[in-house]
Amino acid sequence: AQSVTQPDIHITVSEGASLELRCNYSYGATPYLFWYVQSPGQGLQLLLKYFSGDTLVQGIKGFEAEFKRSQSSFNLRKPSVHWSDAAEYFCAVVLNQAGTALIFGKGTTLSVSS
Amino acid sequence: GAVVSQHPSRVICKSGTSVKIECRSLDFQATTMFWYRQFPKQSLMLMATSNEGSKATYEQGVEKDKFLINHASLTLSTLTVTSAHPEDSSFYICSAIVGGGGADTQYFGPGTRLTVL
């Protein structure tokens, strides 16, 4: 069965430091891959997505993610974290067919220390 | 990006009453919308897939008679929690698909916090 694993439940990063959030998926083919961010009590905002092509994807708010087929990974990175980045981050996948719902990882909570 | 709204953002109701949550795509038409449920500190769990003009498809374990979904137009889907109980208290989030042919992107509403007393 298709699944998404985010190994880190909670990460704390100093403001200005770099960030990497891990995401691994389990699926026979390459699914479509997404990263969403959720602030407390809010809905989800799309940070970036990968469908095909260049494996390094740029997103909003200075985030990027790299798809590595050999590792079945889609890790999210940011070179310099801001205090406003503190939130819950979800990796998600969807089968490459129309009308299919997202499958989410359990999420990683990011805390930013000053 | 596409905008999805939900109303209300918060609702408190008494046990046994019914609550309706609306999900609207504001600047696009959505043939497919999804309803998710999120418990505190947990991920989103898909409840059902809502297709315009047809019956919703519910995930295993979701009671279709308790969580009524209506997708009457291309811009509106509603979720009605019938005879709500405290265990139905949760954060309900809808999403709508933009695109097609497999390269779908889901845009999410801001969510509705339901508290059943």
# chains A, B, ... in the order shown; residues from 1 in each chain; ligands from 1
$ closest_atom_pairs --of "chain A" --to "chain B" --cutoff "12 Å" --atoms "only C-alpha atoms" --output "tab-separated table"
residue	atom	partner	partner_atom	distance
A:Val4	CA	B:Ser43	CA	11.2
A:Thr5	CA	B:Ser43	CA	11.5
A:Gln6	CA	B:Ser43	CA	10.9
A:Ile9	CA	B:Lys41	CA	10.0
A:His10	CA	B:Lys41	CA	10.9
A:Pro31	CA	B:Gly102	CA	10.2
A:Tyr32	CA	B:Ala103	CA	7.7
A:Leu33	CA	B:Thr105	CA	9.9
A:Phe34	CA	B:Thr105	CA	8.8
A:Trp35	CA	B:Gln106	CA	11.3
A:Tyr36	CA	B:Phe108	CA	9.8
A:Val37	CA	B:Phe108	CA	10.9
A:Gln38	CA	B:Pro110	CA	9.5
A:Ser39	CA	B:Pro110	CA	10.1
A:Pro40	CA	B:Lys41	CA	10.0
A:Gly41	CA	B:Gly111	CA	7.8
A:Gln42	CA	B:Pro110	CA	5.3
A:Gly43	CA	B:Pro110	CA	3.8
A:Leu44	CA	B:Phe108	CA	5.7
A:Gln45	CA	B:Phe108	CA	7.0
A:Leu46	CA	B:Tyr107	CA	7.3
A:Leu47	CA	B:Tyr107	CA	11.0
A:Leu48	CA	B:Thr105	CA	10.1
A:Lys49	CA	B:Thr105	CA	8.3
A:Tyr50	CA	B:Ala103	CA	9.7
A:Phe51	CA	B:Ala103	CA	7.0
A:Ser52	CA	B:Ala103	CA	9.8
A:Ile60	CA	B:Gly1	CA	11.4
A:Ala87	CA	B:Lys41	CA	11.4
A:Glu88	CA	B:Lys41	CA	9.0
A:Tyr89	CA	B:Ser43	CA	9.8
A:Phe90	CA	B:Ser43	CA	7.9
A:Cys91	CA	B:Ser43	CA	10.1
A:Ala92	CA	B:Leu44	CA	10.2
A:Val93	CA	B:Thr105	CA	10.6
A:Val94	CA	B:Asp104	CA	8.7
A:Leu95	CA	B:Gly102	CA	7.8
A:Asn96	CA	B:Gly102	CA	4.9
A:Gln97	CA	B:Gly102	CA	4.0
A:Ala98	CA	B:Gly102	CA	4.0
A:Gly99	CA	B:Thr32	CA	6.5
A:Thr100	CA	B:Gly102	CA	8.3
A:Ala101	CA	B:Phe34	CA	7.0
A:Leu102	CA	B:Leu46	CA	8.0
A:Ile103	CA	B:Leu46	CA	8.1
A:Phe104	CA	B:Leu44	CA	6.6
A:Gly105	CA	B:Ser43	CA	6.8
A:Lys106	CA	B:Ser43	CA	4.8
A:Gly107	CA	B:Ser43	CA	6.2
A:Thr108	CA	B:Ser43	CA	9.6
A:Thr109	CA	B:Lys41	CA	8.9
$ residues_around --residues "Ala1 of chain A" --least-positions-apart "5" --cutoff "10 Å" --atoms "only C-alpha atoms" --output "PyMOL selection string"
chain A and resi 26-28
$ select_by_dssp --residues "chain A" --states "strand (DSSP E or B)" --output "PyMOL selection string"
chain A and resi 3-5+10-14+19-21+24-26+32-38+44-50+56-58+64-68+73-78+87-94+103-104+108-113
$ write_last_selection --atoms "C-alpha atoms" --output "short mmCIF file (atom, residue, chain, number, x, y, z; two decimals), in the first residue's frame"
data_model
loop_
_atom_site.label_atom_id
_atom_site.label_comp_id
_atom_site.auth_asym_id
_atom_site.auth_seq_id
_atom_site.Cartn_x
_atom_site.Cartn_y
_atom_site.Cartn_z
CA SER A 3 2.42 5.33 2.39
CA VAL A 4 4.29 8.43 3.41
CA THR A 5 6.80 8.54 6.25
CA HIS A 10 9.46 17.44 16.14
CA ILE A 11 12.47 19.50 15.09
CA THR A 12 13.88 22.62 16.72
CA VAL A 13 16.09 24.90 14.69
CA SER A 14 17.77 28.16 15.61
CA LEU A 19 16.50 23.28 7.81
CA GLU A 20 15.84 19.90 6.29
CA LEU A 21 12.62 17.97 6.83
CA ASN A 24 10.01 9.07 2.30
CA TYR A 25 7.28 7.41 0.30
CA SER A 26 6.44 3.86 -0.48
CA TYR A 32 3.10 13.21 -7.40
CA LEU A 33 4.69 14.77 -4.33
CA PHE A 34 3.72 17.76 -2.25
CA TRP A 35 4.74 19.69 0.82
CA TYR A 36 2.16 21.64 2.78
CA VAL A 37 2.50 23.88 5.82
CA GLN A 38 -0.13 24.34 8.50
CA LEU A 44 -2.97 23.85 4.71
CA GLN A 45 -0.92 25.99 2.40
CA LEU A 46 0.89 24.45 -0.53
CA LEU A 47 4.64 25.08 -0.38
CA LEU A 48 5.70 23.21 -3.48
CA LYS A 49 4.99 20.18 -5.63
CA TYR A 50 6.79 17.75 -7.89
CA LEU A 56 14.96 20.20 -7.46
CA VAL A 57 11.75 22.11 -6.95
CA GLN A 58 11.48 25.68 -5.74
CA GLU A 64 12.88 23.95 -1.91
CA ALA A 65 12.64 20.18 -2.13
CA GLU A 66 14.64 17.56 -3.92
CA PHE A 67 13.16 14.38 -5.34
CA LYS A 68 15.52 11.42 -5.16
CA SER A 73 12.61 10.66 -0.79
CA PHE A 74 11.36 14.20 -1.17
CA ASN A 75 13.09 16.22 1.54
CA LEU A 76 12.19 19.84 2.19
CA ARG A 77 14.94 22.38 2.75
CA LYS A 78 15.38 26.01 3.61
CA ALA A 87 4.45 25.42 12.01
CA GLU A 88 3.43 21.88 11.14
CA TYR A 89 4.77 20.53 7.86
CA PHE A 90 3.13 17.73 5.94
CA CYS A 91 4.50 15.72 3.09
CA ALA A 92 1.85 14.19 0.83
CA VAL A 93 1.60 12.03 -2.24
CA VAL A 94 -1.09 11.26 -4.75
CA ILE A 103 -2.09 10.61 1.37
CA PHE A 104 -0.39 12.52 4.14
CA THR A 108 6.74 17.32 11.47
CA THR A 109 6.41 20.12 13.96
CA LEU A 110 9.01 22.80 13.47
CA SER A 111 9.97 25.02 16.37
CA VAL A 112 12.32 27.96 15.85
CA SER A 113 14.48 29.17 18.71
#
$ atom_distance --atom1 "atom CA of Gly62 of chain A" --atom2 "atom CA of Ala2 of chain B"
20.2 Å
$ residues_around --residues "Val11 of chain B" --least-positions-apart "4" --cutoff "10 Å" --atoms "only C-alpha atoms" --output "ChimeraX atom specification"
/B:7,19-21,89,112-116
$ residues_around --residues "Trp83 of chain A" --least-positions-apart "2" --cutoff "7 Å" --atoms "only C-alpha atoms" --output "list in words"
Glu15, Val81, Asp85, Ala86 and Val112 of chain A
$ select_by_dssp --residues "segment 9-112 of chain A" --states "helix (DSSP H, G or I)" --output "list of chain:residue names"
A:Ile60, A:Lys61, A:Gly62, A:Arg69, A:Ser70, A:Gln71, A:Trp83, A:Ser84, A:Asp85
$ atom_distance --atom1 "atom CA of Ser18 of chain A" --atom2 "atom CA of Phe63 of chain A"
10.7 Å
$ closest_residue --among "B:Leu26, B:Ala56, B:Leu117, B:Val3" --to "Ala72 of chain B" --atoms "only C-alpha atoms"
B:Ala56
$ atom_distance --atom1 "atom CA of Ser15 of chain B" --atom2 "atom CA of Glu59 of chain B"
24.2 Å
